[in-house]
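Source file: model11.tsv; contents: TSV, N, CA and C atoms.
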chain	number	residue	atom	x	y	z
G	13	MET	N	-11.54	-1.15	1.14
G	13	MET	CA	-11.34	-2.13	0.10
G	13	MET	C	-11.75	-3.49	0.64
G	14	LYS	N	-12.37	-4.29	-0.22
G	14	LYS	CA	-12.76	-5.65	0.16
G	14	LYS	C	-11.74	-6.63	-0.41
G	15	TRP	N	-11.58	-7.77	0.27
G	15	TRP	CA	-10.55	-8.75	-0.08
G	15	TRP	C	-11.12	-10.14	-0.25
G	16	ASP	N	-10.51	-10.91	-1.14
G	16	ASP	CA	-10.69	-12.36	-1.19
G	16	ASP	C	-9.48	-12.94	-0.48
G	17	TYR	N	-9.68	-14.03	0.24
G	17	TYR	CA	-8.59	-14.69	0.95
G	17	TYR	C	-8.44	-16.12	0.46
G	18	LYS	N	-7.21	-16.60	0.50
G	18	LYS	CA	-6.91	-17.98	0.15
G	18	LYS	C	-6.01	-18.53	1.24
G	19	VAL	N	-6.33	-19.73	1.71
G	19	VAL	CA	-5.56	-20.39	2.76
G	19	VAL	C	-5.01	-21.69	2.20
G	20	ILE	N	-3.70	-21.88	2.33
G	20	ILE	CA	-3.08	-23.12	1.90
G	20	ILE	C	-2.31	-23.71	3.09
G	21	THR	N	-2.05	-25.00	3.02
G	21	THR	CA	-1.31	-25.64	4.10
G	21	THR	C	0.18	-25.31	3.97
G	22	ILE	N	0.87	-25.42	5.08
G	22	ILE	CA	2.32	-25.21	5.08
G	22	ILE	C	2.99	-26.20	4.12
G	23	ASP	N	2.47	-27.42	4.05
G	23	ASP	CA	3.02	-28.42	3.12
G	23	ASP	C	2.94	-27.94	1.68
G	24	GLN	N	1.84	-27.25	1.33
G	24	GLN	CA	1.71	-26.70	-0.02
G	24	GLN	C	2.69	-25.56	-0.23
G	25	LEU	N	2.87	-24.73	0.78
G	25	LEU	CA	3.79	-23.60	0.66
G	25	LEU	C	5.23	-24.08	0.54
G	26	PHE	N	5.60	-25.04	1.39
G	26	PHE	CA	6.96	-25.58	1.36
G	26	PHE	C	7.01	-26.79	0.46
G	27	HIS	N	6.61	-26.58	-0.78
G	27	HIS	CA	6.60	-27.66	-1.77
G	27	HIS	C	7.99	-28.28	-1.86
G	28	GLY	N	8.05	-29.60	-1.85
G	28	GLY	CA	9.33	-30.28	-1.91
G	28	GLY	C	9.87	-30.61	-0.53
G	29	SER	N	9.04	-30.45	0.51
G	29	SER	CA	9.51	-30.71	1.86
G	29	SER	C	9.18	-32.13	2.32
G	30	GLU	N	8.90	-33.03	1.38
G	30	GLU	CA	8.55	-34.41	1.74
G	30	GLU	C	9.74	-35.14	2.35
G	31	ASP	N	10.94	-34.65	2.09
G	31	ASP	CA	12.16	-35.29	2.56
G	31	ASP	C	12.37	-34.92	4.03
G	32	HIS	N	12.21	-35.89	4.93
G	32	HIS	CA	12.33	-35.62	6.35
G	32	HIS	C	13.57	-36.25	6.98
G	33	ASP	N	14.51	-36.70	6.15
G	33	ASP	CA	15.74	-37.27	6.68
G	33	ASP	C	16.56	-36.17	7.35
G	34	ILE	N	17.40	-36.55	8.27
G	34	ILE	CA	18.26	-35.60	8.96
G	34	ILE	C	19.55	-35.42	8.16
G	35	ALA	N	19.88	-34.17	7.86
G	35	ALA	CA	21.13	-33.88	7.16
G	35	ALA	C	22.29	-34.13	8.12
G	36	ILE	N	23.32	-34.82	7.63
G	36	ILE	CA	24.42	-35.19	8.53
G	36	ILE	C	25.67	-34.34	8.32
G	37	SER	N	25.60	-33.38	7.43
G	37	SER	CA	26.73	-32.49	7.23
G	37	SER	C	26.22	-31.08	6.98
G	38	LYS	N	27.09	-30.10	7.18
G	38	LYS	CA	26.71	-28.71	6.91
G	38	LYS	C	26.36	-28.52	5.44
G	39	ASP	N	27.11	-29.17	4.54
G	39	ASP	CA	26.83	-29.04	3.11
G	39	ASP	C	25.47	-29.63	2.77
G	40	ALA	N	25.15	-30.80	3.35
G	40	ALA	CA	23.85	-31.43	3.09
G	40	ALA	C	22.72	-30.56	3.64
G	41	ALA	N	22.92	-30.00	4.81
G	41	ALA	CA	21.90	-29.12	5.41
G	41	ALA	C	21.69	-27.88	4.55
G	42	ALA	N	22.78	-27.29	4.06
G	42	ALA	CA	22.67	-26.10	3.21
G	42	ALA	C	21.96	-26.44	1.90
G	43	ALA	N	22.25	-27.60	1.34
G	43	ALA	CA	21.60	-28.01	0.09
G	43	ALA	C	20.10	-28.20	0.31
G	44	ARG	N	19.73	-28.77	1.44
G	44	ARG	CA	18.31	-28.98	1.75
G	44	ARG	C	17.58	-27.65	1.94
G	45	ARG	N	18.22	-26.72	2.66
G	45	ARG	CA	17.61	-25.40	2.84
G	45	ARG	C	17.44	-24.70	1.50
G	46	ASN	N	18.42	-24.82	0.64
G	46	ASN	CA	18.35	-24.21	-0.69
G	46	ASN	C	17.18	-24.80	-1.49
G	47	LYS	N	17.04	-26.13	-1.45
G	47	LYS	CA	15.94	-26.79	-2.18
G	47	LYS	C	14.59	-26.32	-1.64
G	48	LEU	N	14.45	-26.28	-0.31
G	48	LEU	CA	13.20	-25.80	0.28
G	48	LEU	C	12.92	-24.35	-0.08
G	49	GLY	N	13.96	-23.52	-0.04
G	49	GLY	CA	13.81	-22.11	-0.40
G	49	GLY	C	13.32	-21.93	-1.83
G	50	GLN	N	13.85	-22.74	-2.73
G	50	GLN	CA	13.42	-22.67	-4.13
G	50	GLN	C	11.96	-23.09	-4.26
G	51	GLY	N	11.55	-24.09	-3.47
G	51	GLY	CA	10.15	-24.53	-3.49
G	51	GLY	C	9.22	-23.44	-3.00
G	52	VAL	N	9.59	-22.79	-1.90
G	52	VAL	CA	8.77	-21.69	-1.36
G	52	VAL	C	8.72	-20.55	-2.36
G	53	GLU	N	9.87	-20.20	-2.93
G	53	GLU	CA	9.91	-19.11	-3.91
G	53	GLU	C	9.01	-19.42	-5.11
G	54	GLY	N	9.05	-20.65	-5.58
G	54	GLY	CA	8.21	-21.04	-6.71
G	54	GLY	C	6.73	-20.91	-6.38
G	55	THR	N	6.35	-21.37	-5.18
G	55	THR	CA	4.95	-21.28	-4.76
G	55	THR	C	4.53	-19.82	-4.63
G	56	LEU	N	5.37	-18.98	-4.01
G	56	LEU	CA	5.04	-17.56	-3.87
G	56	LEU	C	4.93	-16.87	-5.23
G	57	ASN	N	5.83	-17.20	-6.15
G	57	ASN	CA	5.75	-16.62	-7.49
G	57	ASN	C	4.48	-17.05	-8.22
G	58	GLN	N	4.10	-18.31	-8.06
G	58	GLN	CA	2.87	-18.80	-8.68
G	58	GLN	C	1.66	-18.06	-8.10
G	59	MET	N	1.60	-17.95	-6.78
G	59	MET	CA	0.48	-17.26	-6.14
G	59	MET	C	0.46	-15.78	-6.53
G	60	GLY	N	1.64	-15.15	-6.58
G	60	GLY	CA	1.72	-13.76	-7.00
G	60	GLY	C	1.25	-13.57	-8.44
G	61	GLY	N	1.57	-14.54	-9.29
G	61	GLY	CA	1.11	-14.49	-10.68
G	61	GLY	C	-0.40	-14.54	-10.80
G	62	GLU	N	-1.05	-15.07	-9.78
G	62	GLU	CA	-2.52	-15.12	-9.73
G	62	GLU	C	-3.07	-13.96	-8.90
G	63	SER	N	-2.23	-12.97	-8.62
G	63	SER	CA	-2.57	-11.75	-7.87
G	63	SER	C	-2.77	-11.97	-6.38
G	64	TRP	N	-2.33	-13.12	-5.83
G	64	TRP	CA	-2.43	-13.34	-4.40
G	64	TRP	C	-1.21	-12.74	-3.71
G	65	GLU	N	-1.45	-12.02	-2.63
G	65	GLU	CA	-0.39	-11.42	-1.84
G	65	GLU	C	-0.29	-12.17	-0.51
G	66	PHE	N	0.93	-12.58	-0.15
G	66	PHE	CA	1.13	-13.29	1.11
G	66	PHE	C	0.84	-12.37	2.27
G	67	VAL	N	0.08	-12.87	3.26
G	67	VAL	CA	-0.27	-12.09	4.44
G	67	VAL	C	0.50	-12.58	5.67
G	68	THR	N	0.34	-13.86	6.00
G	68	THR	CA	0.95	-14.38	7.22
G	68	THR	C	0.90	-15.90	7.24
G	69	ILE	N	1.59	-16.47	8.21
G	69	ILE	CA	1.47	-17.89	8.52
G	69	ILE	C	0.76	-17.97	9.85
G	70	ALA	N	-0.30	-18.78	9.92
G	70	ALA	CA	-1.07	-18.97	11.14
G	70	ALA	C	-1.15	-20.47	11.41
G	71	GLY	N	-0.37	-20.91	12.37
G	71	GLY	CA	-0.35	-22.34	12.66
G	71	GLY	C	0.19	-23.13	11.49
G	72	ASP	N	-0.62	-24.04	10.96
G	72	ASP	CA	-0.21	-24.88	9.84
G	72	ASP	C	-0.66	-24.33	8.49
G	73	PHE	N	-1.03	-23.04	8.44
G	73	PHE	CA	-1.59	-22.47	7.22
G	73	PHE	C	-0.89	-21.17	6.81
G	74	ALA	N	-0.80	-20.96	5.50
G	74	ALA	CA	-0.33	-19.70	4.94
G	74	ALA	C	-1.55	-18.98	4.38
G	75	ILE	N	-1.66	-17.70	4.66
G	75	ILE	CA	-2.83	-16.92	4.25
G	75	ILE	C	-2.42	-15.88	3.22
G	76	PHE	N	-3.20	-15.80	2.15
G	76	PHE	CA	-2.98	-14.86	1.05
G	76	PHE	C	-4.24	-14.04	0.86
G	77	LYS	N	-4.09	-12.85	0.27
G	77	LYS	CA	-5.26	-12.02	-0.04
G	77	LYS	C	-5.05	-11.35	-1.40
G	78	ARG	N	-6.17	-10.93	-1.98
G	78	ARG	CA	-6.14	-10.10	-3.19
G	78	ARG	C	-7.42	-9.29	-3.21
G	79	PRO	N	-7.41	-8.15	-3.90
G	79	PRO	CA	-8.62	-7.33	-3.95
G	79	PRO	C	-9.78	-8.12	-4.54
G	80	LYS	N	-10.94	-7.95	-3.92
G	80	LYS	CA	-12.15	-8.62	-4.40
G	80	LYS	C	-12.59	-7.99	-5.71
G	81	ASN	N	-12.96	-8.84	-6.65
G	81	ASN	CA	-13.51	-8.34	-7.92
G	81	ASN	C	-14.84	-7.67	-7.66
G	82	LYS	N	-15.06	-6.58	-8.34
G	82	LYS	CA	-16.32	-5.83	-8.13
G	82	LYS	C	-17.41	-6.31	-9.07
G	83	ALA	N	-17.31	-7.52	-9.55
G	83	ALA	CA	-18.29	-8.06	-10.52
G	83	ALA	C	-19.64	-8.23	-9.94

Let me see the structure of the file written as structure tokens.
Amino acid sequence: MKWDYKVITIDQLFHGSEDHDIAISKDAAAARRNKLGQGVEGTLNQMGGESWEFVTIAGDFAIFKRPKNKA
């Protein structure tokens, strides 16, 4: 089988990670992890909706693949 690949930056994958302040409590840290998790989940769902399957993280990049169209 042949594949198309898509590479996105970690910043794109972890959408919503612009906040780089240090959490000063366990509750704040948990809330930040939850927000980041929701951002990653949203990005993965969007990519999956376009038939992209997550493969791996390589350095600063996330790699996705999908079957190549036989057009």

Set the distance at 8 Å and use all atoms listed in the file: which residues neighbour segment 46-57 of chain G once local chain neighbours fewer than 3 positions away are removed? I'd like the list as a list in words.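 The residues that qualify are Gln24, Leu25, Phe26, His27, Gly28, Ser29, Ala40, Ala41, Ala42, Ala43, Gly60, Gly61, Glu62, Ser63, Trp64 and Phe66 of chain G.
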
Excluding Asp16 of chain G and its own-chain neighbours fewer than 3 positions away, which residues fall within 7 Å of it when counting only C-alpha atoms? Please give them as a list in words. Lys77, Arg78, Pro79 and Lys80 of chain G

Looking only at helix (DSSP H, G or I) from DSSP on the backbone, list the matching residues of chain G as an MDAnalysis selection string. chainID G and resid 22:25 38:61

So the first atom is atom CA of Asn81 of chain G and the second is atom N of Ile20 of chain G; what is the distance between them in Å, to one decimal place? 19.6 Å

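With only N, CA and C atoms as the basis for measurement, G:Ile22 is the residue among G:Ile22, G:Trp15, G:Arg45, G:Ile36 that approaches Gly71 of chain G most closely.
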
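The coordinates place atom C of Gln58 of chain G at 12.9 Å from atom C of Ala74 of chain G.
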
As an mmCIF file with N, CA and C atoms, keeping the file's coordinate frame, please: every residue in chain G that a backbone DSSP assignment puts in strand (DSSP E).
data_model
loop_
_atom_site.group_PDB
_atom_site.id
_atom_site.type_symbol
_atom_site.label_atom_id
_atom_site.label_comp_id
_atom_site.auth_asym_id
_atom_site.auth_seq_id
_atom_site.Cartn_x
_atom_site.Cartn_y
_atom_site.Cartn_z
ATOM 1 N N TRP G 15 -11.580 -7.770 0.270
ATOM 2 C CA TRP G 15 -10.550 -8.750 -0.080
ATOM 3 C C TRP G 15 -11.120 -10.140 -0.250
ATOM 4 N N ASP G 16 -10.510 -10.910 -1.140
ATOM 5 C CA ASP G 16 -10.690 -12.360 -1.190
ATOM 6 C C ASP G 16 -9.480 -12.940 -0.480
ATOM 7 N N TYR G 17 -9.680 -14.030 0.240
ATOM 8 C CA TYR G 17 -8.590 -14.690 0.950
ATOM 9 C C TYR G 17 -8.440 -16.120 0.460
ATOM 10 N N LYS G 18 -7.210 -16.600 0.500
ATOM 11 C CA LYS G 18 -6.910 -17.980 0.150
ATOM 12 C C LYS G 18 -6.010 -18.530 1.240
ATOM 13 N N VAL G 19 -6.330 -19.730 1.710
ATOM 14 C CA VAL G 19 -5.560 -20.390 2.760
ATOM 15 C C VAL G 19 -5.010 -21.690 2.200
ATOM 16 N N ILE G 20 -3.700 -21.880 2.330
ATOM 17 C CA ILE G 20 -3.080 -23.120 1.900
ATOM 18 C C ILE G 20 -2.310 -23.710 3.090
ATOM 19 N N THR G 21 -2.050 -25.000 3.020
ATOM 20 C CA THR G 21 -1.310 -25.640 4.100
ATOM 21 C C THR G 21 0.180 -25.310 3.970
ATOM 22 N N GLU G 65 -1.450 -12.020 -2.630
ATOM 23 C CA GLU G 65 -0.390 -11.420 -1.840
ATOM 24 C C GLU G 65 -0.290 -12.170 -0.510
ATOM 25 N N PHE G 66 0.930 -12.580 -0.150
ATOM 26 C CA PHE G 66 1.130 -13.290 1.110
ATOM 27 C C PHE G 66 0.840 -12.370 2.270
ATOM 28 N N VAL G 67 0.080 -12.870 3.260
ATOM 29 C CA VAL G 67 -0.270 -12.090 4.440
ATOM 30 C C VAL G 67 0.500 -12.580 5.670
ATOM 31 N N THR G 68 0.340 -13.860 6.000
ATOM 32 C CA THR G 68 0.950 -14.380 7.220
ATOM 33 C C THR G 68 0.900 -15.900 7.240
ATOM 34 N N ILE G 69 1.590 -16.470 8.210
ATOM 35 C CA ILE G 69 1.470 -17.890 8.520
ATOM 36 C C ILE G 69 0.760 -17.970 9.850
ATOM 37 N N ALA G 70 -0.300 -18.780 9.920
ATOM 38 C CA ALA G 70 -1.070 -18.970 11.140
ATOM 39 C C ALA G 70 -1.150 -20.470 11.410
ATOM 40 N N PHE G 73 -1.030 -23.040 8.440
ATOM 41 C CA PHE G 73 -1.590 -22.470 7.220
ATOM 42 C C PHE G 73 -0.890 -21.170 6.810
ATOM 43 N N ALA G 74 -0.800 -20.960 5.500
ATOM 44 C CA ALA G 74 -0.330 -19.700 4.940
ATOM 45 C C ALA G 74 -1.550 -18.980 4.380
ATOM 46 N N ILE G 75 -1.660 -17.700 4.660
ATOM 47 C CA ILE G 75 -2.830 -16.920 4.250
ATOM 48 C C ILE G 75 -2.420 -15.880 3.220
ATOM 49 N N PHE G 76 -3.200 -15.800 2.150
ATOM 50 C CA PHE G 76 -2.980 -14.860 1.050
ATOM 51 C C PHE G 76 -4.240 -14.040 0.860
ATOM 52 N N LYS G 77 -4.090 -12.850 0.270
ATOM 53 C CA LYS G 77 -5.260 -12.020 -0.040
ATOM 54 C C LYS G 77 -5.050 -11.350 -1.400
ATOM 55 N N ARG G 78 -6.170 -10.930 -1.980
ATOM 56 C CA ARG G 78 -6.140 -10.100 -3.190
ATOM 57 C C ARG G 78 -7.420 -9.290 -3.210
ATOM 58 N N PRO G 79 -7.410 -8.150 -3.900
ATOM 59 C CA PRO G 79 -8.620 -7.330 -3.950
ATOM 60 C C PRO G 79 -9.780 -8.120 -4.540
#

Taken to one decimal, the atom C of Lys38 of chain G-atom C of Thr68 of chain G distance is 28.5 Å

Mind giving me the axis-aligned box for segment 43-59 of chain G with 5 Å on every side, centre plus edges in Å to one decimal, as AutoDock Vina command-line options?
--center_x 11.4 --center_y -22.4 --center_z -2.9 --size_x 31.8 --size_y 23.2 --size_z 21.5
